[in-house]
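One file, model-v5.txt, carrying compact mmCIF, C-alpha atoms:
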```txt
# COMPACT_ATOMS: atom_id res chain seq x y z
CA MET R 1 0.00 0.00 0.00
CA ASP R 2 1.43 3.41 -0.88
CA ALA R 3 1.79 6.19 1.69
CA ALA R 4 -1.10 8.25 0.27
CA THR R 5 -3.62 5.39 0.62
CA LEU R 6 -2.31 4.34 4.05
CA PHE R 7 -2.50 7.83 5.54
CA GLY R 8 -5.80 8.47 3.72
CA LEU R 9 -7.26 5.50 5.59
CA ALA R 10 -5.70 6.74 8.85
CA ALA R 11 -7.34 10.11 8.17
CA ALA R 12 -10.72 8.36 7.84
CA ALA R 13 -10.15 6.82 11.28
CA LEU R 14 -9.16 10.22 12.75
CA VAL R 15 -12.32 11.91 11.47
CA GLY R 16 -14.45 9.11 12.97
CA LEU R 17 -12.64 9.20 16.34
CA GLY R 18 -12.91 12.96 16.56
CA THR R 19 -16.61 12.92 15.67
CA TYR R 20 -17.23 10.38 18.44
CA GLY R 21 -15.37 12.61 20.89
CA VAL R 22 -17.30 15.74 19.89
CA ILE R 23 -20.60 13.93 20.51
CA VAL R 24 -19.94 12.03 23.74
CA ASN R 25 -17.51 14.21 25.73
CA PRO R 26 -19.58 16.52 27.92
CA GLN R 27 -16.75 18.97 28.69
CA PRO R 28 -16.44 21.84 26.19
CA LEU R 29 -12.64 21.69 26.25
CA ARG R 30 -12.77 18.02 25.28
CA LYS R 31 -15.13 18.91 22.45
CA ILE R 32 -12.64 21.53 21.21
CA LEU R 33 -9.86 18.92 21.40
CA ALA R 34 -11.93 16.33 19.55
CA PHE R 35 -12.92 18.91 16.95
CA ASN R 36 -9.23 19.55 16.34
CA VAL R 37 -8.76 15.80 15.80
CA VAL R 38 -11.54 15.89 13.16
CA GLY R 39 -9.84 18.93 11.60
CA SER R 40 -6.42 17.28 11.43
CA GLY R 41 -8.05 14.17 9.95
CA VAL R 42 -9.52 16.30 7.16
CA PHE R 43 -6.11 17.93 6.65
CA VAL R 44 -4.34 14.57 6.36
CA LEU R 45 -7.00 13.35 3.92
CA PHE R 46 -6.43 16.44 1.78
CA GLY R 47 -2.67 15.90 2.09
CA ALA R 48 -3.04 12.33 0.84
CA ILE R 49 -4.99 13.63 -2.15
CA ALA R 50 -2.23 16.23 -2.76
CA ARG R 51 0.38 13.45 -2.68
CA ARG R 52 -1.51 11.53 -5.36
CA GLY R 53 -1.42 14.62 -7.59
CA ALA R 54 2.34 14.18 -8.15
CA VAL R 55 3.18 14.85 -11.81
CA LEU R 56 5.82 16.58 -13.94
CA GLY R 57 8.69 16.46 -11.49
CA TYR R 58 6.58 17.66 -8.56
CA ASP R 59 6.36 14.96 -5.89
CA ARG R 60 2.97 16.36 -4.78
CA ASP R 61 0.37 18.88 -5.96
CA PRO R 62 1.46 22.16 -4.33
CA VAL R 63 -1.95 23.89 -4.56
CA PRO R 64 -3.77 21.75 -1.95
CA GLN R 65 -0.69 21.87 0.27
CA ALA R 66 -0.68 25.67 0.26
CA LEU R 67 -4.40 25.63 1.12
CA LEU R 68 -3.56 23.23 3.97
CA ILE R 69 -1.15 25.74 5.49
CA THR R 70 -3.92 28.34 5.35
CA GLY R 71 -6.31 25.80 6.87
CA ILE R 72 -4.03 24.94 9.80
CA VAL R 73 -3.58 28.62 10.65
CA VAL R 74 -7.32 29.34 10.46
CA ALA R 75 -8.04 26.26 12.62
CA PHE R 76 -5.65 27.66 15.20
CA ALA R 77 -7.44 31.04 15.15
CA ALA R 78 -10.81 29.35 15.66
CA THR R 79 -9.42 27.20 18.50
CA ALA R 80 -7.95 30.26 20.22
CA LEU R 81 -11.31 32.02 20.05
CA ALA R 82 -13.16 28.92 21.33
CA VAL R 83 -10.74 28.38 24.23
CA ASN R 84 -10.96 32.03 25.26
CA LEU R 85 -14.78 31.92 25.11
CA LEU R 86 -14.68 28.88 27.38
CA LEU R 87 -12.28 30.51 29.86
CA ARG R 88 -14.54 33.57 29.98
CA LEU R 89 -17.58 31.36 30.61
CA HIS R 90 -15.67 29.70 33.44
CA GLU R 91 -14.70 33.08 34.90
CA GLU R 92 -18.31 34.34 34.73
CA ALA R 93 -20.22 31.23 35.78
CA GLY R 94 -17.60 29.46 37.92
CA SER R 95 -18.09 26.27 35.96
CA ALA R 96 -17.30 25.06 32.48
CA THR R 97 -20.35 23.12 31.45
CA LEU R 98 -22.69 23.25 28.50
CA ALA R 99 -25.56 21.76 30.55
CA SER R 100 -28.49 24.15 30.74
CA ASP R 101 -28.19 26.42 33.78
CA GLU R 102 -30.57 26.31 36.68
CA PRO R 103 -32.15 29.76 36.88
CA SER R 104 -30.46 30.49 40.24
CA SER R 105 -26.90 30.19 38.96
CA GLY R 106 -27.72 32.44 36.01
CA LYS R 107 -29.01 35.08 38.39
CA ALA R 108 -25.90 34.79 40.55
CA ALA R 109 -23.74 35.49 37.53
CA ALA R 110 -25.92 38.47 36.57
CA GLU R 111 -25.58 39.88 40.09
CA ARG R 112 -21.84 39.49 39.96
CA ASP R 113 -21.84 41.43 36.70
CA GLU R 114 -23.68 44.34 38.28
CA ARG R 115 -21.16 44.56 41.06
CA MET O 1 11.12 -1.08 5.32
CA ILE O 2 9.60 2.36 4.85
CA GLU O 3 6.16 0.72 4.54
CA VAL O 4 6.58 -0.83 7.98
CA LEU O 5 7.61 2.54 9.45
CA ASN O 6 4.68 4.25 7.74
CA ALA O 7 2.26 1.67 9.11
CA GLY O 8 3.77 2.17 12.58
CA VAL O 9 3.38 5.96 12.37
CA ALA O 10 -0.22 5.60 11.13
CA LEU O 11 -1.04 3.25 14.03
CA LEU O 12 0.59 5.58 16.57
CA VAL O 13 -1.27 8.62 15.22
CA VAL O 14 -4.63 6.85 15.35
CA GLY O 15 -3.77 5.45 18.80
CA LEU O 16 -2.90 8.91 20.14
CA ALA O 17 -6.10 10.35 18.66
CA LEU O 18 -8.01 7.58 20.48
CA TRP O 19 -6.18 8.47 23.71
CA THR O 20 -7.02 12.17 23.27
CA VAL O 21 -10.69 11.33 22.83
CA VAL O 22 -11.25 8.69 25.53
CA VAL O 23 -8.75 9.36 28.37
CA ARG O 24 -10.47 10.48 31.60
CA ASP O 25 -8.19 13.38 32.50
CA THR O 26 -8.45 16.45 30.23
CA PHE O 27 -4.89 17.50 31.05
CA ALA O 28 -3.63 14.11 29.85
CA ALA O 29 -5.76 14.51 26.71
CA ALA O 30 -4.17 17.90 25.96
CA ILE O 31 -0.66 16.46 26.42
CA GLY O 32 -1.66 13.60 24.13
CA PHE O 33 -2.80 16.13 21.55
CA VAL O 34 0.63 17.80 21.48
CA ALA O 35 2.34 14.42 20.95
CA TYR O 36 -0.26 13.70 18.27
CA GLY O 37 0.52 17.01 16.52
CA LEU O 38 4.25 16.27 16.55
CA LEU O 39 3.70 12.76 15.15
CA LEU O 40 1.53 14.23 12.41
CA THR O 41 4.60 16.10 11.19
CA LEU O 42 6.09 12.68 10.31
CA VAL O 43 2.95 11.92 8.33
CA TRP O 44 3.38 15.23 6.49
CA VAL O 45 6.99 14.42 5.67
CA GLN O 46 5.89 11.08 4.24
CA LEU O 47 3.22 12.87 2.19
CA ARG O 48 6.01 15.11 0.83
CA GLY O 49 4.65 18.20 2.54
CA ILE O 50 7.66 19.69 4.35
CA ASP O 51 6.03 23.14 4.43
CA VAL O 52 2.89 21.65 5.95
CA ALA O 53 5.00 19.63 8.43
CA LEU O 54 6.67 22.85 9.64
CA THR O 55 3.29 24.56 10.00
CA GLU O 56 1.81 21.56 11.82
CA ALA O 57 4.73 21.40 14.26
CA ALA O 58 4.69 25.14 14.92
CA ILE O 59 0.98 25.93 14.96
CA GLY O 60 -1.00 22.67 15.05
CA GLY O 61 1.11 21.02 17.75
CA GLY O 62 2.89 23.98 19.33
CA LEU O 63 0.59 26.98 19.70
CA THR O 64 -2.70 25.02 19.74
CA GLY O 65 -1.22 22.52 22.21
CA PHE O 66 -0.02 25.32 24.47
CA LEU O 67 -3.49 26.94 24.45
CA LEU O 68 -5.22 23.64 25.27
CA ILE O 69 -2.77 22.62 28.02
CA ARG O 70 -3.09 26.01 29.71
CA ALA O 71 -6.89 25.88 29.50
CA ALA O 72 -6.93 22.30 30.84
CA ALA O 73 -4.79 23.36 33.80
CA ARG O 74 -7.07 26.30 34.55
CA LEU O 75 -10.27 24.24 34.29
CA ARG O 76 -8.90 21.27 36.22
CA HIS O 77 -11.14 21.74 39.28
CA THR O 78 -14.27 21.52 37.09
CA GLU O 79 -13.32 17.98 35.98
CA ALA O 80 -15.07 16.04 38.74
CA ALA O 81 -18.38 17.84 38.20
CA ALA O 82 -18.21 17.31 34.45
CA ARG O 83 -17.76 13.55 34.80
CA THR O 84 -21.28 13.22 36.21
CA GLU O 85 -22.60 14.56 32.88
CA ARG O 86 -21.38 11.48 31.02
CA PRO O 87 -24.01 10.60 28.40
CA ARG O 88 -26.05 7.39 28.59
CA ALA O 89 -24.81 4.17 27.04
CA ALA O 90 -27.43 4.33 24.29
CA LEU O 91 -26.18 7.74 23.13
CA ARG O 92 -22.55 6.56 23.26
CA LEU O 93 -23.45 3.51 21.18
CA ALA O 94 -25.30 5.64 18.63
CA ALA O 95 -22.36 8.06 18.45
CA ALA O 96 -19.95 5.15 17.92
CA LEU O 97 -22.16 3.83 15.14
CA VAL O 98 -22.37 7.21 13.38
CA SER O 99 -18.59 7.69 13.69
CA CYS O 100 -17.86 4.21 12.30
CA LEU O 101 -20.17 4.83 9.35
CA LEU O 102 -18.48 8.18 8.70
CA SER O 103 -15.01 6.58 8.83
CA ALA O 104 -16.11 3.74 6.57
CA ALA O 105 -17.56 6.16 4.02
CA ILE O 106 -14.35 8.22 3.94
CA ALA O 107 -12.20 5.07 3.73
CA LEU O 108 -14.24 3.83 0.77
CA ALA O 109 -13.82 7.22 -0.90
CA VAL O 110 -10.04 7.03 -0.32
CA LEU O 111 -9.90 3.58 -1.94
CA ALA O 112 -12.02 4.77 -4.87
CA LEU O 113 -10.04 7.93 -5.68
CA PRO O 114 -9.65 8.43 -9.45
CA ASP O 115 -6.45 7.32 -11.15
CA PRO O 116 -4.61 9.26 -12.51
CA ALA O 117 -5.39 11.81 -9.82
CA PRO O 118 -6.44 15.33 -10.84
CA SER O 119 -3.61 17.76 -10.25
CA LEU O 120 -2.93 21.47 -10.55
CA ALA O 121 0.84 20.84 -10.54
CA PRO O 122 1.14 21.30 -14.35
CA GLN O 123 -0.40 24.79 -14.10
CA VAL O 124 1.98 25.64 -11.26
CA ALA O 125 4.92 24.33 -13.28
CA ALA O 126 3.84 26.44 -16.27
CA SER O 127 3.50 29.71 -14.35
CA ILE O 128 6.00 29.54 -11.49
CA ALA O 129 8.78 31.19 -13.50
CA ALA O 130 6.67 34.37 -13.77
CA THR O 131 6.60 34.77 -9.97
CA GLY O 132 10.38 34.54 -9.51
CA VAL O 133 10.08 32.31 -6.42
CA GLY O 134 11.40 28.76 -6.34
CA ASN O 135 9.16 27.22 -3.67
CA PRO O 136 5.86 26.27 -5.38
CA ILE O 137 3.99 26.53 -2.04
CA THR O 138 5.09 30.15 -1.63
CA ALA O 139 4.14 30.83 -5.25
CA VAL O 140 0.64 29.48 -4.58
CA LEU O 141 0.28 31.30 -1.25
CA LEU O 142 1.44 34.70 -2.48
CA ALA O 143 0.74 34.74 -6.21
CA PHE O 144 -1.70 32.16 -7.58
CA ARG O 145 -4.00 32.13 -4.55
CA ALA O 146 -2.94 35.32 -2.80
CA THR O 147 -6.59 36.11 -2.00
CA ASP O 148 -6.66 33.13 0.38
CA THR O 149 -3.59 34.35 2.20
CA LEU O 150 -4.93 37.89 2.44
CA LEU O 151 -8.25 36.66 3.83
CA GLU O 152 -6.43 34.36 6.22
CA ALA O 153 -4.43 37.27 7.66
CA ILE O 154 -7.72 39.11 8.12
CA VAL O 155 -9.38 36.07 9.73
CA LEU O 156 -6.56 36.04 12.29
CA LEU O 157 -7.26 39.71 13.05
CA PHE O 158 -10.98 39.04 13.41
CA ALA O 159 -10.27 36.15 15.77
CA LEU O 160 -8.09 38.48 17.84
CA ILE O 161 -10.87 41.11 17.95
CA GLY O 162 -13.19 38.32 19.09
CA VAL O 163 -10.78 37.29 21.86
CA TRP O 164 -10.25 40.89 23.01
CA SER O 165 -13.99 41.50 23.12
CA LEU O 166 -14.19 38.84 25.85
CA ALA O 167 -12.35 41.12 28.26
CA PRO O 168 -14.28 42.14 31.39
CA ASP O 169 -15.14 45.87 31.53
CA ARG O 170 -12.50 46.74 34.13
CA ALA O 171 -9.70 45.26 31.98
CA TRP O 172 -10.88 46.73 28.66
CA GLY O 173 -7.81 47.71 26.64
CA GLY O 174 -5.56 46.36 29.40
CA ARG O 175 -2.81 43.77 29.52
CA PRO O 176 -3.61 40.18 28.51
CA GLY O 177 -2.95 37.27 30.87
CA PRO O 178 -1.58 37.30 34.40
CA ARG O 179 1.75 38.95 35.27
CA TYR O 180 3.97 35.90 35.23
CA SER O 181 6.85 35.53 37.61
CA ALA O 182 9.50 32.84 37.70
CA ASP O 183 12.58 32.32 39.84
CA PRO O 184 15.04 34.77 38.18
CA ASP O 185 17.90 32.31 38.80
CA GLY O 186 15.85 29.26 37.78
CA MET O 187 16.10 27.05 34.74
CA PHE O 188 13.03 28.58 33.05
CA ALA O 189 14.29 32.16 33.27
CA TYR O 190 17.68 30.96 32.07
CA LEU O 191 16.13 29.31 29.01
CA ALA O 192 14.02 32.41 28.36
CA ARG O 193 17.28 34.39 28.19
CA VAL O 194 19.30 31.91 26.13
CA LEU O 195 16.72 30.64 23.64
CA PRO O 196 15.25 33.86 22.11
CA PRO O 197 18.42 34.96 20.26
CA ILE O 198 18.66 31.50 18.71
CA GLY O 199 14.92 31.30 18.06
CA ILE O 200 14.83 34.73 16.42
CA VAL O 201 17.68 33.80 14.06
CA VAL O 202 16.04 30.46 13.20
CA GLY O 203 12.65 32.19 12.72
CA ALA O 204 14.17 34.80 10.40
CA TYR O 205 15.99 32.05 8.49
CA ILE O 206 12.85 29.94 8.04
CA PHE O 207 11.05 33.08 6.85
CA TRP O 208 13.75 34.09 4.36
CA ILE O 209 14.44 30.62 2.96
CA GLY O 210 10.69 30.21 2.26
CA ALA O 211 11.06 31.84 -1.16
CA ASP O 212 12.98 28.87 -2.54
CA LEU O 213 12.85 26.04 0.02
CA PRO O 214 10.29 24.82 2.58
CA GLY O 215 9.56 27.52 5.13
CA GLY O 216 7.82 30.85 5.07
CA LYS O 217 6.21 33.64 7.00
CA PHE O 218 3.70 31.58 9.03
CA GLN O 219 6.31 29.21 10.40
CA GLY O 220 8.80 32.03 10.99
CA ALA O 221 6.17 34.23 12.64
CA THR O 222 5.15 31.37 14.95
CA LEU O 223 8.73 30.95 16.14
CA LEU O 224 9.04 34.69 16.80
CA ALA O 225 5.71 34.64 18.67
CA ALA O 226 6.87 31.65 20.73
CA MET O 227 10.10 33.42 21.73
CA TRP O 228 8.15 36.47 22.87
CA LEU O 229 5.69 34.32 24.84
CA LEU O 230 8.64 32.55 26.47
CA THR O 231 10.08 35.81 27.81
CA VAL O 232 6.62 36.90 29.00
CA MET O 233 5.98 33.59 30.79
CA ALA O 234 9.39 33.68 32.47
CA GLY O 235 8.48 37.11 33.87
CA LEU O 236 11.31 38.85 31.98
CA ALA O 237 8.91 41.04 30.01
CA ASP O 238 5.26 42.01 30.41
CA ALA O 239 2.57 41.80 27.75
CA PRO O 240 1.72 45.32 26.50
CA PRO O 241 -1.78 46.76 27.04
CA VAL O 242 -3.79 45.96 23.94
CA SER O 243 -4.87 49.60 23.54
CA ARG O 244 -1.30 50.72 22.69
CA ARG O 245 -1.18 52.49 19.34
CA TRP O 246 2.09 50.88 18.17
CA LEU O 247 0.55 47.49 18.85
CA ARG O 248 -2.54 48.26 16.77
CA VAL O 249 -0.34 49.59 13.96
CA ALA O 250 1.83 46.44 14.05
CA LEU O 251 -1.29 44.27 13.84
CA VAL O 252 -2.79 45.90 10.75
CA ALA O 253 0.41 46.92 8.91
CA GLY O 254 0.80 43.55 7.14
CA PRO O 255 -2.75 43.25 5.80
CA VAL O 256 -2.78 46.97 4.84
CA VAL O 257 0.41 46.61 2.78
CA PHE O 258 -1.01 43.42 1.24
CA ILE O 259 -4.25 45.19 0.24
CA ALA O 260 -2.36 48.25 -1.04
CA ILE O 261 -0.13 46.13 -3.30
CA GLY O 262 -3.22 44.20 -4.39
CA ALA O 263 -4.99 47.43 -5.32
CA LEU O 264 -1.87 48.58 -7.16
CA GLY O 265 -2.26 45.44 -9.27
CA VAL O 266 -5.58 46.76 -10.59
CA ALA O 267 -3.76 49.74 -12.12
CA THR O 268 -0.54 48.05 -13.25
CA ALA O 269 -1.49 44.49 -14.12
CA GLY O 270 -5.22 44.56 -14.68
CA ALA O 271 -6.50 42.66 -11.64
CA PHE O 272 -6.61 42.85 -7.84
CA LEU O 273 -3.52 41.08 -6.45
CA ALA O 274 -1.97 40.69 -9.90
CA TYR O 275 1.71 41.62 -10.05
CA PRO O 276 3.54 43.09 -13.05
CA GLU O 277 5.91 40.29 -14.03
CA ALA O 278 9.13 42.33 -13.87
CA VAL O 279 8.67 43.17 -10.16
CA ALA O 280 6.65 40.12 -9.05
CA LYS O 281 9.33 38.72 -6.78
CA SER O 282 10.10 42.11 -5.19
CA LEU O 283 6.40 42.68 -4.47
CA ILE O 284 6.07 39.19 -2.97
CA ILE O 285 9.04 39.90 -0.69
CA VAL O 286 7.59 43.26 0.37
CA ILE O 287 4.27 41.57 1.25
CA GLU O 288 6.04 38.82 3.19
CA LEU O 289 8.25 41.30 5.07
CA ALA O 290 5.18 43.34 6.01
CA LEU O 291 3.16 40.27 7.04
CA LEU O 292 5.87 38.68 9.20
CA PRO O 293 5.75 41.10 12.18
CA SER O 294 1.94 41.43 11.94
CA LEU O 295 1.51 37.66 11.99
CA ALA O 296 3.98 37.22 14.85
CA VAL O 297 2.18 39.81 17.00
CA THR O 298 -1.28 38.47 16.07
CA LEU O 299 -0.36 34.84 16.85
CA ALA O 300 1.31 35.78 20.14
CA LEU O 301 -1.67 37.87 21.26
CA LEU O 302 -4.15 35.14 20.26
CA VAL O 303 -2.28 32.81 22.62
CA ALA O 304 -1.93 35.49 25.33
CA GLY O 305 -5.75 35.76 25.38
CA ALA O 306 -8.24 38.38 26.51
CA PRO O 307 -7.07 41.42 28.52
CA GLN O 308 -7.30 40.65 32.24
CA ARG O 309 -5.49 43.48 33.99
CA GLU O 310 -6.03 47.21 33.93
CA GLU O 311 -3.59 49.28 31.96
CA GLY O 312 -0.62 50.55 33.93
```

Could you take the file, read its structure, and then write that structure out as structure tokens?
Amino acid sequence: MDAATLFGLAAAALVGLGTYGVIVNPQPLRKILAFNVVGSGVFVLFGAIARRGAVLGYDRDPVPQALLITGIVVAFAATALAVNLLLRLHEEAGSATLASDEPSSGKAAAERDER
Amino acid sequence: MIEVLNAGVALLVVGLALWTVVVRDTFAAAIGFVAYGLLLTLVWVQLRGIDVALTEAAIGGGLTGFLLIRAAARLRHTEAAARTERPRAALRLAAALVSCLLSAAIALAVLALPDPAPSLAPQVAASIAATGVGNPITAVLLAFRATDTLLEAIVLLFALIGVWSLAPDRAWGGRPGPRYSADPDGMFAYLARVLPPIGIVVGAYIFWIGADLPGGKFQGATLLAAMWLLTVMAGLADAPPVSRRWLRVALVAGPVVFIAIGALGVATAGAFLAYPEAVAKSLIIVIELALLPSLAVTLALLVAGAPQREEG
């Protein structure tokens, strides 16, 4: 099996694993982590496709690879925003959960805001 | 032999992804993610993507890993409460089923990819001489698909505005993160003094060599950002208040130069972001030089996070 097919199949496994993690992990930080696993799986898949596009002295198709670099940087920007949103939620609410708030804890946070 | 190594790397990568998803402790998961990111660089090398490998190591493993580890450490005391929210077995089973189906569908698609594969490499080969750069990735990023790179730089700025807007009222426009302090005679402070000169030289080298060999502004900027973060975390320097004018100028200078040169293309070469052939390489270098400091500051501030302390 050539490297492109092997890592393409690995990428399929990564996307599946990440999707499972996004669904079942209750903690938001774990969801962000799992979402990054899905993202890297998609990147590797695209990289495998780029490797197969090797022609004319190029050992890979450079266009998808350049888009991958853009993709990795944008994924980082989105992760940074998500992590900071989560830290702010934790600072405001004292917990880091996506479970629906009881009304009392929401009010407590609102009171803290006013102060 | 190389097939065996490849299979080993693929197994390790999938194994580490599994660890990241199922391990109980979030901190352990974040550490696993960094190892996973570093192993992915080997995958990129095997897929002949040295530029992507550098980006993955610097940004995917490095900066993202740092963000996640720090967040995991800060949220550690919420772990116990979160474990009680574990979903029911039926939901976990359904999720496993959906994920397996998704993986199977992608795997089938991988096995059924067309042969010969479609490729844009011939177009790159035909036009790369006009750009004057030797690294086809750089040619794509800054000439053939320069719009993507411009929008990406702007996405980074928007993400930073989003992060800053999370600041509490009292810290609006203030300094991001806590004021770090480390033992001034300790190992960490020592490293924070010794490493930056080396890191800055390596970062500048990776940036400059990107015109003809793997490397470029993103990887170089990440190294510069990492060196700055190192000195901040060792308590040798403090993060500047985000309302400082020089900081704002540094952030937008790169994209502004990029847009200006793009607009110039309308007059001189007939399209936005088109370069007159005689000066194509010079213009690309000007854009890269302008983007490097902007990207370094943007990446560092994205990691530093929302302002937390009042200015002063």

Handout entry: Within 10 Å of stretch 66-73 of chain R using all atoms listed in the file, minus same-chain residues under 6 positions, as a PyMOL selection string
Key = (chain R and resi 36+39-40+42-44+46-47+50+79) or (chain O and resi 49+51-56+58-60+64+136-142+145+148-149+151-153+155-156+218-219+299)

Give me the chain R side of the contact with chain O, cut-off 6 Å, one line per residue showing its nearest atom pair and distance in Å at one decimal, counting only C-alpha atoms, sorted by chain and residue number, as a tab-separated table.
```
residue	atom	partner	partner_atom	distance
R:Leu9	CA	O:Ala107	CA	5.3
R:Ala12	CA	O:Ser103	CA	4.7
R:Ala13	CA	O:Ser103	CA	5.4
R:Gly16	CA	O:Ser99	CA	4.4
R:Thr19	CA	O:Ser99	CA	5.9
R:Tyr20	CA	O:Ser99	CA	5.6
R:Gly21	CA	O:Val21	CA	5.2
R:Arg51	CA	O:Leu47	CA	5.7
R:Arg52	CA	O:Ala117	CA	5.9
R:Gly53	CA	O:Ser119	CA	4.7
R:Asp61	CA	O:Ala121	CA	5.0
R:Pro62	CA	O:Ile137	CA	5.5
R:Ala66	CA	O:Ile137	CA	5.3
R:Ile69	CA	O:Val52	CA	5.8
R:Ala77	CA	O:Leu156	CA	5.8
R:Leu81	CA	O:Val163	CA	5.6
```

Exercise for the section: Using atom CA of O:Asp185 and atom CA of O:Ala226 as the two end points, give the distance in Å to one decimal. Expected result: 21.2 Å

Practice task
Report the distance between atom CA of R:Ala4 and atom CA of R:Leu17 in Å, rounded to one decimal place.
Solution key: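 About the pair atom CA of R:Ala4 and atom CA of R:Leu17: they are 19.8 Å apart.
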
Exercise for the section: Would you work out the distance separating atom CA of O:Phe258 from atom CA of O:Ala204, expressed in Å to one decimal? Expected result: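 Interatomic distance, atom CA of O:Phe258 to atom CA of O:Ala204: 19.7 Å.
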
Quick one: axis-aligned box around all listed atoms of stretch 17-27 of chain R, 6 Å on every side, centre and edge lengths in Å to one decimal, written as lines of an AutoDock Vina configuration file.
```
center_x = -16.6
center_y = 14.1
center_z = 22.2
size_x = 20.0
size_y = 21.8
size_z = 25.0
```

Handout entry: Within 12 Å of file point (-17.6, 28.1, 33.6), counting all atoms listed in the file, expressed as a PyMOL selection string
Key = (chain R and resi 27-29+83-101+105-106+109) or (chain O and resi 71+74-79+81-82)

Problem - Non-local contacts of stretch 229-238 of chain O (10 Å; only C-alpha atoms; under 6 positions in same chain excluded) as a list in words - result: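 In the requested form, the answer reads Arg175, Pro176, Gly177, Pro178, Arg179, Tyr180, Ser181, Ala182, Asp183, Pro184, Gly186, Met187, Phe188, Ala189, Tyr190, Leu191, Ala192, Arg193, Leu195, Pro196, Leu223, Ala300, Leu301, Val303 and Ala304 of chain O.
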
Please produce a file of those selected residues containing C-alpha atoms, as a compact mmCIF listing (two decimals), in the frame of the given file.
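Dumped everything to selection-v3.txt:
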```txt
# COMPACT_ATOMS: atom_id res chain seq x y z
CA ARG O 175 -2.81 43.77 29.52
CA PRO O 176 -3.61 40.18 28.51
CA GLY O 177 -2.95 37.27 30.87
CA PRO O 178 -1.58 37.30 34.40
CA ARG O 179 1.75 38.95 35.27
CA TYR O 180 3.97 35.90 35.23
CA SER O 181 6.85 35.53 37.61
CA ALA O 182 9.50 32.84 37.70
CA ASP O 183 12.58 32.32 39.84
CA PRO O 184 15.04 34.77 38.18
CA GLY O 186 15.85 29.26 37.78
CA MET O 187 16.10 27.05 34.74
CA PHE O 188 13.03 28.58 33.05
CA ALA O 189 14.29 32.16 33.27
CA TYR O 190 17.68 30.96 32.07
CA LEU O 191 16.13 29.31 29.01
CA ALA O 192 14.02 32.41 28.36
CA ARG O 193 17.28 34.39 28.19
CA LEU O 195 16.72 30.64 23.64
CA PRO O 196 15.25 33.86 22.11
CA LEU O 223 8.73 30.95 16.14
CA ALA O 300 1.31 35.78 20.14
CA LEU O 301 -1.67 37.87 21.26
CA VAL O 303 -2.28 32.81 22.62
CA ALA O 304 -1.93 35.49 25.33
```

Handout entry: Neighbour list for O:Glu277 as a ChimeraX atom specification, cut-off 9 Å, only C-alpha atoms, skip fewer than 4 positions in-chain
Key = /O:130-132,269,281

Those same residues - C-alpha atoms - I'd like them written as a PDB file, keeping the file's coordinate frame.
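Output file part-v2.pdb is given in full below:
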```pdb
ATOM      1  CA  ALA O 130       6.670  34.370 -13.770  1.00  0.00           C
ATOM      2  CA  THR O 131       6.600  34.770  -9.970  1.00  0.00           C
ATOM      3  CA  GLY O 132      10.380  34.540  -9.510  1.00  0.00           C
ATOM      4  CA  ALA O 269      -1.490  44.490 -14.120  1.00  0.00           C
ATOM      5  CA  LYS O 281       9.330  38.720  -6.780  1.00  0.00           C
TER       6      LYS O 281
END
```

Handout entry: Counting only C-alpha atoms, the residue of O:Leu38, O:Leu251, O:Leu292, O:Leu273 that sits nearest O:Lys217
Key =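 For O:Lys217, the nearest of the given residues is O:Leu292.
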
Practice task
Just the residues within 8 Å of O:Leu213, please, counting only C-alpha atoms, with nothing from its chain fewer than 2 positions along; format it as number ranges by chain.
Solution key: O: 134-135, 209-211, 215
